[in-house]
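structure20.pdb (PDB, C-alpha atoms)
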ATOM      1  CA  MET A   1      17.299 -22.371  -1.163
ATOM      2  CA  GLY A   2      20.522 -23.969  -2.096
ATOM      3  CA  LEU A   3      23.767 -22.125  -1.879
ATOM      4  CA  VAL A   4      24.884 -20.685  -5.170
ATOM      5  CA  ARG A   5      28.503 -19.766  -5.410
ATOM      6  CA  GLY A   6      29.282 -16.666  -7.345
ATOM      7  CA  ARG A   7      31.753 -13.889  -7.735
ATOM      8  CA  ASN A   8      30.132 -10.771  -9.066
ATOM      9  CA  TRP A   9      26.637 -10.980  -7.781
ATOM     10  CA  PHE A  10      27.346  -8.525  -4.996
ATOM     11  CA  LEU A  11      28.053  -5.914  -7.622
ATOM     12  CA  LEU A  12      24.337  -5.609  -8.167
ATOM     13  CA  ASN A  13      23.174  -2.260  -7.097
ATOM     14  CA  TYR A  14      20.417  -2.763  -4.610
ATOM     15  CA  LYS A  15      20.388   0.697  -3.238
ATOM     16  CA  TYR A  16      17.684   2.792  -4.679
ATOM     17  CA  ARG A  17      16.011   6.063  -4.267
ATOM     18  CA  ARG A  18      12.939   5.647  -2.169
ATOM     19  CA  VAL A  19       9.964   7.333  -3.782
ATOM     20  CA  SER A  20       7.451   8.425  -1.262
ATOM     21  CA  THR A  21       3.762   8.558  -2.081
ATOM     22  CA  THR A  22       3.067  10.737   0.873
ATOM     23  CA  SER A  23       4.851  13.828  -0.329
ATOM     24  CA  VAL A  24       2.627  16.841  -0.422
ATOM     25  CA  SER A  25       2.966  20.186  -2.066
ATOM     26  CA  PRO A  26       4.403  22.862   0.214
ATOM     27  CA  ALA A  27       1.212  24.883  -0.047
ATOM     28  CA  PHE A  28      -0.863  22.076   1.402
ATOM     29  CA  ASP A  29      -1.206  22.320   5.169
ATOM     30  CA  GLU A  30      -3.362  19.424   6.309
ATOM     31  CA  SER A  31      -3.562  20.433   9.974
ATOM     32  CA  ALA A  32      -4.614  23.990   9.186
ATOM     33  CA  LEU A  33      -7.255  22.787   6.739
ATOM     34  CA  VAL A  34      -8.632  20.335   9.296
ATOM     35  CA  VAL A  35      -8.857  23.063  11.930
ATOM     36  CA  ARG A  36     -10.703  25.299   9.472
ATOM     37  CA  ALA A  37     -12.986  22.480   8.322
ATOM     38  CA  LYS A  38     -13.838  21.592  11.907
ATOM     39  CA  ALA A  39     -14.742  25.233  12.488
ATOM     40  CA  GLY A  40     -17.263  24.951   9.641
ATOM     41  CA  ASP A  41     -15.184  26.131   6.690
ATOM     42  CA  GLN A  42     -16.580  24.015   3.881
ATOM     43  CA  GLU A  43     -14.061  25.221   1.360
ATOM     44  CA  ALA A  44     -11.315  23.834   3.570
ATOM     45  CA  PHE A  45     -13.075  20.473   3.659
ATOM     46  CA  ASN A  46     -13.436  20.510  -0.127
ATOM     47  CA  GLU A  47      -9.720  21.171  -0.400
ATOM     48  CA  LEU A  48      -9.008  18.113   1.739
ATOM     49  CA  VAL A  49     -11.319  16.062  -0.481
ATOM     50  CA  GLN A  50      -9.631  17.223  -3.651
ATOM     51  CA  HIS A  51      -6.211  16.526  -2.200
ATOM     52  CA  TYR A  52      -6.954  12.973  -1.117
ATOM     53  CA  ASP A  53      -9.689  11.697  -3.436
ATOM     54  CA  ARG A  54      -7.243  10.013  -5.841
ATOM     55  CA  ARG A  55      -5.515   8.076  -3.128
ATOM     56  CA  VAL A  56      -8.716   7.007  -1.434
ATOM     57  CA  PHE A  57     -10.176   5.943  -4.783
ATOM     58  CA  ARG A  58      -7.079   3.979  -5.720
ATOM     59  CA  MET A  59      -7.034   2.185  -2.395
ATOM     60  CA  ALA A  60     -10.763   1.447  -2.574
ATOM     61  CA  LYS A  61     -10.346   0.060  -6.066
ATOM     62  CA  GLN A  62      -7.417  -2.098  -5.047
ATOM     63  CA  ILE A  63      -9.436  -3.644  -2.245
ATOM     64  CA  THR A  64     -12.831  -3.939  -3.938
ATOM     65  CA  GLU A  65     -11.440  -4.572  -7.429
ATOM     66  CA  ASN A  66     -14.055  -2.608  -9.280
ATOM     67  CA  ASP A  67     -14.904   0.989 -10.114
ATOM     68  CA  ASP A  68     -18.518   0.964  -8.923
ATOM     69  CA  ASP A  69     -17.731  -0.286  -5.441
ATOM     70  CA  ALA A  70     -14.695   1.985  -5.279
ATOM     71  CA  GLU A  71     -16.914   4.973  -6.096
ATOM     72  CA  ASP A  72     -19.350   4.025  -3.327
ATOM     73  CA  VAL A  73     -16.458   3.654  -0.910
ATOM     74  CA  LEU A  74     -15.041   7.015  -1.967
ATOM     75  CA  GLN A  75     -18.356   8.789  -1.378
ATOM     76  CA  GLU A  76     -19.105   7.044   1.898
ATOM     77  CA  THR A  77     -15.622   7.781   3.193
ATOM     78  CA  PHE A  78     -15.809  11.514   2.629
ATOM     79  CA  LEU A  79     -19.448  11.774   3.711
ATOM     80  CA  LYS A  80     -18.662   9.965   6.960
ATOM     81  CA  ALA A  81     -15.546  12.062   7.436
ATOM     82  CA  TYR A  82     -17.622  15.222   6.986
ATOM     83  CA  THR A  83     -20.390  14.048   9.290
ATOM     84  CA  HIS A  84     -17.998  12.919  12.034
ATOM     85  CA  LEU A  85     -15.376  15.593  11.615
ATOM     86  CA  GLU A  86     -15.955  16.787  15.164
ATOM     87  CA  ASP A  87     -14.953  13.340  16.416
ATOM     88  CA  PHE A  88     -11.551  13.574  14.746
ATOM     89  CA  GLN A  89      -9.240  14.312  17.640
ATOM     90  CA  GLY A  90      -6.058  14.817  15.655
ATOM     91  CA  ASN A  91      -4.273  11.910  17.355
ATOM     92  CA  SER A  92      -3.337  10.619  13.924
ATOM     93  CA  LYS A  93      -2.981  12.317  10.580
ATOM     94  CA  PHE A  94      -6.266  13.225   8.949
ATOM     95  CA  TYR A  95      -5.351  11.014   5.999
ATOM     96  CA  THR A  96      -4.757   8.027   8.301
ATOM     97  CA  TRP A  97      -8.227   8.599   9.725
ATOM     98  CA  LEU A  98      -9.659   8.703   6.198
ATOM     99  CA  VAL A  99      -7.868   5.470   5.310
ATOM    100  CA  ARG A 100      -9.377   3.747   8.332
ATOM    101  CA  ILE A 101     -12.866   4.788   7.274
ATOM    102  CA  ALA A 102     -12.205   3.787   3.665
ATOM    103  CA  VAL A 103     -10.780   0.363   4.554
ATOM    104  CA  ASN A 104     -13.791  -0.438   6.710
ATOM    105  CA  GLU A 105     -16.156   0.657   3.954
ATOM    106  CA  ALA A 106     -14.266  -1.365   1.360
ATOM    107  CA  LEU A 107     -14.218  -4.497   3.516
ATOM    108  CA  MET A 108     -17.925  -4.104   4.153
ATOM    109  CA  LYS A 109     -18.464  -4.035   0.400
ATOM    110  CA  LEU A 110     -16.530  -7.265   0.045
ATOM    111  CA  ARG A 111     -18.469  -8.933   2.829
ATOM    112  CA  LYS A 112     -21.772  -7.930   1.258
ATOM    113  CA  ARG A 113     -20.626  -9.139  -2.125
ATOM    114  CA  ARG A 114     -19.692 -12.583  -0.900
ATOM    115  CA  SER A 115     -22.739 -14.772  -0.775
ATOM    116  CA  ASP A 116     -21.134 -17.060   1.773
ATOM    117  CA  LYS A 117     -20.646 -14.084   4.120
ATOM    118  CA  THR A 118     -17.008 -14.946   4.571
ATOM    119  CA  VAL A 119     -15.224 -12.212   6.421
ATOM    120  CA  PRO A 120     -12.172 -11.600   4.266
ATOM    121  CA  LEU A 121      -9.844 -10.790   7.101
ATOM    122  CA  ASP A 122     -10.696 -14.043   8.793
ATOM    123  CA  GLU A 123      -9.634 -16.137   5.847
ATOM    124  CA  PRO A 124      -7.484 -18.971   7.079
ATOM    125  CA  ILE A 125      -3.891 -18.015   6.579
ATOM    126  CA  ASP A 126      -1.403 -20.776   6.242
ATOM    127  CA  THR A 127       1.347 -20.079   8.655
ATOM    128  CA  GLY A 128       3.343 -22.920   7.178
ATOM    129  CA  GLU A 129       6.934 -23.245   6.479
ATOM    130  CA  ASP A 130       7.351 -22.416   2.869
ATOM    131  CA  GLU A 131       7.722 -18.769   2.071
ATOM    132  CA  VAL A 132       7.183 -18.419  -1.644
ATOM    133  CA  VAL A 133      10.587 -18.143  -3.246
ATOM    134  CA  ARG A 134      10.926 -19.931  -6.522
ATOM    135  CA  GLU A 135      12.132 -17.298  -8.932
ATOM    136  CA  ILE A 136      15.674 -16.320  -8.110
ATOM    137  CA  ALA A 137      16.789 -14.122 -10.939
ATOM    138  CA  VAL A 138      17.937 -10.567 -11.349
ATOM    139  CA  TRP A 139      15.606  -8.095 -12.991
ATOM    140  CA  ASP A 140      16.239  -6.743 -16.416
ATOM    141  CA  GLN A 141      16.250  -2.982 -16.718
ATOM    142  CA  ASN A 142      14.267  -0.736 -14.444
ATOM    143  CA  PRO A 143      10.592  -1.558 -15.246
ATOM    144  CA  GLU A 144       9.772   2.157 -15.328
ATOM    145  CA  ASP A 145      12.176   2.501 -18.260
ATOM    146  CA  VAL A 146      10.741  -0.439 -20.170
ATOM    147  CA  TYR A 147       6.995  -0.116 -19.776
ATOM    148  CA  SER A 148       4.667   2.809 -20.304
ATOM    149  CA  ARG A 149       2.985   4.149 -17.186
ATOM    150  CA  ASP A 150      -0.299   2.492 -18.110
ATOM    151  CA  GLU A 151       1.323  -0.839 -18.927
ATOM    152  CA  LEU A 152       3.210  -0.830 -15.659
ATOM    153  CA  ALA A 153       0.117   0.184 -13.694
ATOM    154  CA  GLY A 154      -1.734  -2.735 -15.333
ATOM    155  CA  ILE A 155       1.000  -5.202 -14.346
ATOM    156  CA  LEU A 156       1.104  -3.945 -10.764
ATOM    157  CA  ASP A 157      -2.695  -3.872 -10.406
ATOM    158  CA  GLN A 158      -2.902  -7.419 -11.668
ATOM    159  CA  ALA A 159      -0.228  -8.555  -9.233
ATOM    160  CA  VAL A 160      -1.963  -6.944  -6.245
ATOM    161  CA  LYS A 161      -5.305  -8.305  -7.379
ATOM    162  CA  SER A 162      -3.923 -11.832  -7.348
ATOM    163  CA  LEU A 163      -3.208 -11.664  -3.604
ATOM    164  CA  LYS A 164      -5.699 -12.973  -1.088
ATOM    165  CA  THR A 165      -7.717 -10.139   0.468
ATOM    166  CA  ALA A 166      -6.069 -10.729   3.834
ATOM    167  CA  TYR A 167      -2.620 -10.206   2.349
ATOM    168  CA  ARG A 168      -3.698  -7.484  -0.041
ATOM    169  CA  THR A 169      -5.163  -5.189   2.611
ATOM    170  CA  VAL A 170      -2.062  -5.432   4.781
ATOM    171  CA  PHE A 171       0.212  -4.733   1.818
ATOM    172  CA  ILE A 172      -1.871  -1.743   0.698
ATOM    173  CA  LEU A 173      -1.899  -0.143   4.138
ATOM    174  CA  ARG A 174       1.722  -0.813   4.999
ATOM    175  CA  ASP A 175       3.549  -0.487   1.689
ATOM    176  CA  ILE A 176       1.350   1.755  -0.428
ATOM    177  CA  GLU A 177      -0.262   3.960   2.211
ATOM    178  CA  GLU A 178       2.908   3.783   4.299
ATOM    179  CA  MET A 179       1.172   3.175   7.606
ATOM    180  CA  SER A 180       3.285   1.748  10.403
ATOM    181  CA  ILE A 181       2.909  -1.899  11.408
ATOM    182  CA  GLU A 182       1.072  -0.740  14.537
ATOM    183  CA  GLU A 183      -1.330   1.534  12.610
ATOM    184  CA  THR A 184      -2.001  -1.261  10.118
ATOM    185  CA  ALA A 185      -2.728  -3.686  12.937
ATOM    186  CA  GLU A 186      -5.036  -1.218  14.648
ATOM    187  CA  THR A 187      -6.878  -0.337  11.444
ATOM    188  CA  LEU A 188      -7.500  -3.960  10.532
ATOM    189  CA  GLY A 189      -8.063  -5.223  14.068
ATOM    190  CA  LEU A 190      -5.164  -7.649  13.788
ATOM    191  CA  SER A 191      -2.282  -8.513  16.056
ATOM    192  CA  ILE A 192       1.123  -7.119  15.187
ATOM    193  CA  SER A 193       2.478 -10.591  14.529
ATOM    194  CA  ALA A 194      -0.402 -11.311  12.130
ATOM    195  CA  VAL A 195       0.360  -8.096  10.244
ATOM    196  CA  LYS A 196       4.050  -8.954  10.019
ATOM    197  CA  SER A 197       3.391 -12.454   8.800
ATOM    198  CA  ARG A 198       0.837 -11.342   6.186
ATOM    199  CA  LEU A 199       3.061  -8.534   5.048
ATOM    200  CA  LEU A 200       5.957 -10.905   4.458
ATOM    201  CA  ARG A 201       3.744 -13.283   2.500
ATOM    202  CA  ALA A 202       2.344 -10.429   0.417
ATOM    203  CA  ARG A 203       5.768  -9.006  -0.347
ATOM    204  CA  LEU A 204       7.234 -12.358  -1.299
ATOM    205  CA  GLN A 205       4.282 -13.273  -3.477
ATOM    206  CA  LEU A 206       4.437  -9.946  -5.280
ATOM    207  CA  ARG A 207       8.186 -10.288  -5.693
ATOM    208  CA  GLU A 208       7.636 -13.693  -7.205
ATOM    209  CA  LYS A 209       5.064 -12.420  -9.698
ATOM    210  CA  LEU A 210       7.041  -9.351 -10.692
ATOM    211  CA  THR A 211      10.263 -11.316 -11.022
ATOM    212  CA  ARG A 212       8.539 -13.631 -13.509
ATOM    213  CA  GLN A 213       7.604 -10.527 -15.486
ATOM    214  CA  PHE A 214      10.748  -8.444 -15.153
ATOM    215  CA  LYS A 215      13.595 -10.961 -14.920
ATOM    216  CA  LYS A 216      16.392 -11.124 -17.416
ATOM    217  CA  LYS A 217      15.730 -13.835 -19.912
ATOM    218  CA  GLY A 218      17.893 -16.850 -20.706
ATOM    219  CA  ASP A 219      21.350 -17.147 -19.247
ATOM    220  CA  ASP A 220      21.276 -13.503 -18.251
ATOM    221  CA  ALA A 221      18.818 -14.435 -15.529
ATOM    222  CA  PHE A 222      21.788 -15.739 -13.614
ATOM    223  CA  ALA A 223      23.955 -12.733 -14.262
ATOM    224  CA  TYR A 224      24.570 -12.438 -10.557
ATOM    225  CA  LEU A 225      26.614 -15.658 -10.585
TER     226      LEU A 225
ATOM    227  CA  MET B   1      25.359 -18.355  10.700
ATOM    228  CA  LEU B   2      21.701 -17.906   9.852
ATOM    229  CA  THR B   3      19.996 -20.262   7.453
ATOM    230  CA  CYS B   4      18.291 -18.915   4.340
ATOM    231  CA  LYS B   5      14.941 -19.749   5.876
ATOM    232  CA  GLN B   6      15.729 -17.731   8.994
ATOM    233  CA  PHE B   7      16.859 -14.865   6.800
ATOM    234  CA  LEU B   8      13.626 -14.950   4.803
ATOM    235  CA  GLN B   9      11.523 -14.906   7.940
ATOM    236  CA  GLU B  10      13.181 -11.650   8.961
ATOM    237  CA  LEU B  11      13.309 -10.153   5.477
ATOM    238  CA  SER B  12      10.675  -7.472   6.122
ATOM    239  CA  GLY B  13      12.377  -6.298   9.284
ATOM    240  CA  TYR B  14      15.695  -6.213   7.448
ATOM    241  CA  ILE B  15      14.304  -4.189   4.540
ATOM    242  CA  ASP B  16      12.360  -1.825   6.820
ATOM    243  CA  LYS B  17      15.303  -1.594   9.268
ATOM    244  CA  THR B  18      12.955  -2.206  12.168
ATOM    245  CA  LEU B  19      15.190  -4.745  13.904
ATOM    246  CA  ASN B  20      17.832  -4.033  16.494
ATOM    247  CA  PRO B  21      21.405  -3.330  15.307
ATOM    248  CA  GLN B  22      22.666  -6.765  16.297
ATOM    249  CA  GLU B  23      19.920  -8.543  14.356
ATOM    250  CA  LEU B  24      20.453  -6.277  11.360
ATOM    251  CA  ALA B  25      24.183  -6.990  11.409
ATOM    252  CA  GLU B  26      23.578 -10.728  11.519
ATOM    253  CA  LEU B  27      21.128 -10.552   8.611
ATOM    254  CA  HIS B  28      23.503  -8.323   6.713
ATOM    255  CA  ARG B  29      26.282 -10.833   7.184
ATOM    256  CA  HIS B  30      24.064 -13.555   5.764
ATOM    257  CA  VAL B  31      22.938 -11.540   2.755
ATOM    258  CA  SER B  32      26.523 -10.545   2.036
ATOM    259  CA  GLU B  33      27.546 -14.167   1.844
ATOM    260  CA  CYS B  34      24.527 -15.786   0.231
ATOM    261  CA  PRO B  35      23.915 -14.887  -3.422
ATOM    262  CA  ASN B  36      20.409 -16.329  -3.482
ATOM    263  CA  CYS B  37      19.252 -14.359  -0.472
ATOM    264  CA  PHE B  38      20.938 -11.291  -1.897
ATOM    265  CA  VAL B  39      18.892 -11.587  -5.081
ATOM    266  CA  VAL B  40      15.660 -12.265  -3.193
ATOM    267  CA  CYS B  41      16.305  -9.256  -0.976
ATOM    268  CA  ASP B  42      17.261  -7.076  -3.942
ATOM    269  CA  THR B  43      14.193  -8.022  -6.007
ATOM    270  CA  THR B  44      11.896  -7.614  -2.993
ATOM    271  CA  GLU B  45      13.226  -4.104  -2.465
ATOM    272  CA  LYS B  46      12.730  -3.389  -6.159
ATOM    273  CA  THR B  47       9.192  -4.732  -5.918
ATOM    274  CA  LEU B  48       8.419  -2.315  -3.103
ATOM    275  CA  LYS B  49      10.104   0.516  -4.940
ATOM    276  CA  VAL B  50       8.066   0.035  -8.085
ATOM    277  CA  PHE B  51       4.818   0.015  -6.074
ATOM    278  CA  LYS B  52       5.776   3.072  -4.072
ATOM    279  CA  GLY B  53       6.636   4.928  -7.260
ATOM    280  CA  MET B  54       3.258   4.194  -8.779
ATOM    281  CA  ASP B  55       1.250   7.317  -9.505
ATOM    282  CA  CYS B  56      -2.373   7.627  -8.598
ATOM    283  CA  HIS B  57      -4.437   8.064 -11.696
ATOM    284  CA  PRO B  58      -6.838  10.970 -11.439
ATOM    285  CA  VAL B  59     -10.295  10.005 -10.266
ATOM    286  CA  PRO B  60     -12.447   9.794 -13.413
ATOM    287  CA  GLN B  61     -14.252  13.112 -13.874
ATOM    288  CA  GLY B  62     -17.784  11.763 -13.531
ATOM    289  CA  ILE B  63     -16.884  10.111 -10.236
ATOM    290  CA  GLN B  64     -15.308  13.263  -8.884
ATOM    291  CA  ALA B  65     -18.295  15.383  -9.918
ATOM    292  CA  ARG B  66     -20.700  12.968  -8.224
ATOM    293  CA  LEU B  67     -18.529  12.956  -5.102
ATOM    294  CA  MET B  68     -18.506  16.736  -4.863
ATOM    295  CA  ALA B  69     -22.274  16.872  -5.488
ATOM    296  CA  ALA B  70     -22.877  14.313  -2.712
ATOM    297  CA  ILE B  71     -20.712  16.306  -0.308
ATOM    298  CA  GLU B  72     -22.488  19.514  -1.211
ATOM    299  CA  ARG B  73     -25.851  17.880  -0.510
ATOM    300  CA  ARG B  74     -24.563  16.683   2.860
ATOM    301  CA  MET B  75     -23.280  20.156   3.647
ATOM    302  CA  LYS B  76     -26.670  21.635   2.850
ATOM    303  CA  ASP B  77     -28.357  19.043   5.049
ATOM    304  CA  LYS B  78     -25.982  19.965   7.827
ATOM    305  CA  GLY B  79     -26.975  23.586   7.493
ATOM    306  CA  GLY B  80     -24.370  25.206   5.260
ATOM    307  CA  CYS B  81     -24.455  26.245   1.637
ATOM    308  CA  GLY B  82     -21.395  24.243   0.595
ATOM    309  CA  CYS B  83     -19.883  27.147  -1.259
ATOM    310  CA  SER B  84     -17.167  28.751   0.834
ATOM    311  CA  GLY B  85     -15.747  30.072   4.025
ATOM    312  CA  GLY B  86     -18.008  28.176   6.370
ATOM    313  CA  ALA B  87     -20.715  30.811   5.948
ATOM    314  CA  LYS B  88     -24.014  29.220   6.772
ATOM    315  CA  HIS B  89     -27.071  30.696   5.142
TER     316      HIS B  89
END

What's the structure tokens form of this structure?
Amino acid sequence: MGLVRGRNWFLLNYKYRRVSTTSVSPAFDESALVVRAKAGDQEAFNELVQHYDRRVFRMAKQITENDDDAEDVLQETFLKAYTHLEDFQGNSKFYTWLVRIAVNEALMKLRKRRSDKTVPLDEPIDTGEDEVVREIAVWDQNPEDVYSRDELAGILDQAVKSLKTAYRTVFILRDIEEMSIEETAETLGLSISAVKSRLLRARLQLREKLTRQFKKKGDDAFAYL
Amino acid sequence: MLTCKQFLQELSGYIDKTLNPQELAELHRHVSECPNCFVVCDTTEKTLKVFKGMDCHPVPQGIQARLMAAIERRMKDKGGCGCSGGAKH
């Protein structure tokens, strides 16, 4: 990137309120429900299902890219979780355990679907020099203020879908499911450096796509100068 | 002084604040002086923000009903009734 001289660009407000997707209602006590479910309380297990089914379904759909496979993944995930509940040692959060099951199920779906039996996570990843940064422009207004929820969800889904599976899965686990780098690496059977490198690629590619969509148009695109 | 390329390679660590204070300070110095990297950093953070703020749509009703029915069947197979309280009939 060349150096661009400017005077007011630093006035951009890049601090923002971080919105967590992991917030839970105060009444929801995951650990207590898991203890009860492990003791055979089926209502407690159902409560866990109803609390997490949206997130598991969304993740499954983002990886498999279709509703039918996502539904299979959703069912298999909770059925396996129920069957192997006794094996859950509580070393991680119950939801992290669910995500691990769901990711494996979703990747299995992808492997089965591919006639060439390519293992998605083994796709060759170019570790080359050029991080993808072509669009350097400020965004127009906050996208949430401009687009309806459905429109925005469509734009974001499309952007995630355009990533290679290897990048997409890392991005979903780290930035949407908010797993740590280490948890992401463990879940996907990757090294920490591979996770970091794929995460950077995924973030920069998504930034590129969203900037094309959300940037200020015309001369305003360089309003930071 | 870091180059833009070096800054980009450490962008994730800078955004996630997972680097040591000295590295963060060096990256911060670069981003404070380089308008292009500032914009890339800013729009990357906004990208993450917009994804994190994304709501989960409810699972379509048919899918949820089939899920609960499948779980209930599994519970019955395992020896319970699937209705409540862990009571096994």

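Among B:Glu26, B:Asp42, B:Asp77, B:Glu72, the residue with the shortest atom-to-atom distance to chain A, counting all atoms listed in the file, is B:Asp42.
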
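Considering only C-alpha atoms, the residue among A:Ala185, A:Gln213, A:Ala70, A:Val170 positioned nearest to Leu200 (chain A) is A:Val170.
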
Take every atom of region 18-31 of chain B listed in the file, fit an axis-aligned box around them, add 5 Å per side, and give the centre and edge lengths in Å to one decimal as JSON.
{"center_x": 19.6, "center_y": -7.9, "center_z": 9.6, "size_x": 23.3, "size_y": 21.3, "size_z": 23.7}

Could you give me, as JSON lines, a per-residue list for chain A showing, wherever an atom lies at most 6 Å from an atom of chain B, the closest pair of atoms and their distance in Å to one decimal, using all atoms listed in the file and sorting by chain then residue number from low to high?
{"residue": "A:Tyr14", "atom": "CA", "partner": "B:Asp42", "partner_atom": "CA", "distance": 5.4}
{"residue": "A:Val19", "atom": "CA", "partner": "B:Gly53", "partner_atom": "CA", "distance": 5.4}
{"residue": "A:Gly40", "atom": "CA", "partner": "B:Gly86", "partner_atom": "CA", "distance": 4.7}
{"residue": "A:Asp41", "atom": "CA", "partner": "B:Gly86", "partner_atom": "CA", "distance": 3.5}
{"residue": "A:Gln42", "atom": "CA", "partner": "B:Gly86", "partner_atom": "CA", "distance": 5.1}
{"residue": "A:Glu43", "atom": "CA", "partner": "B:Ser84", "partner_atom": "CA", "distance": 4.7}
{"residue": "A:Arg54", "atom": "CA", "partner": "B:Val59", "partner_atom": "CA", "distance": 5.4}
{"residue": "A:Gln75", "atom": "CA", "partner": "B:Leu67", "partner_atom": "CA", "distance": 5.6}
{"residue": "A:Ile176", "atom": "CA", "partner": "B:Lys52", "partner_atom": "CA", "distance": 5.9}
{"residue": "A:Arg207", "atom": "CA", "partner": "B:Thr44", "partner_atom": "CA", "distance": 5.3}

Length of the CA of Thr18 (chain B) to CA of Gly189 (chain A) vector [Å]:
21.3 Å
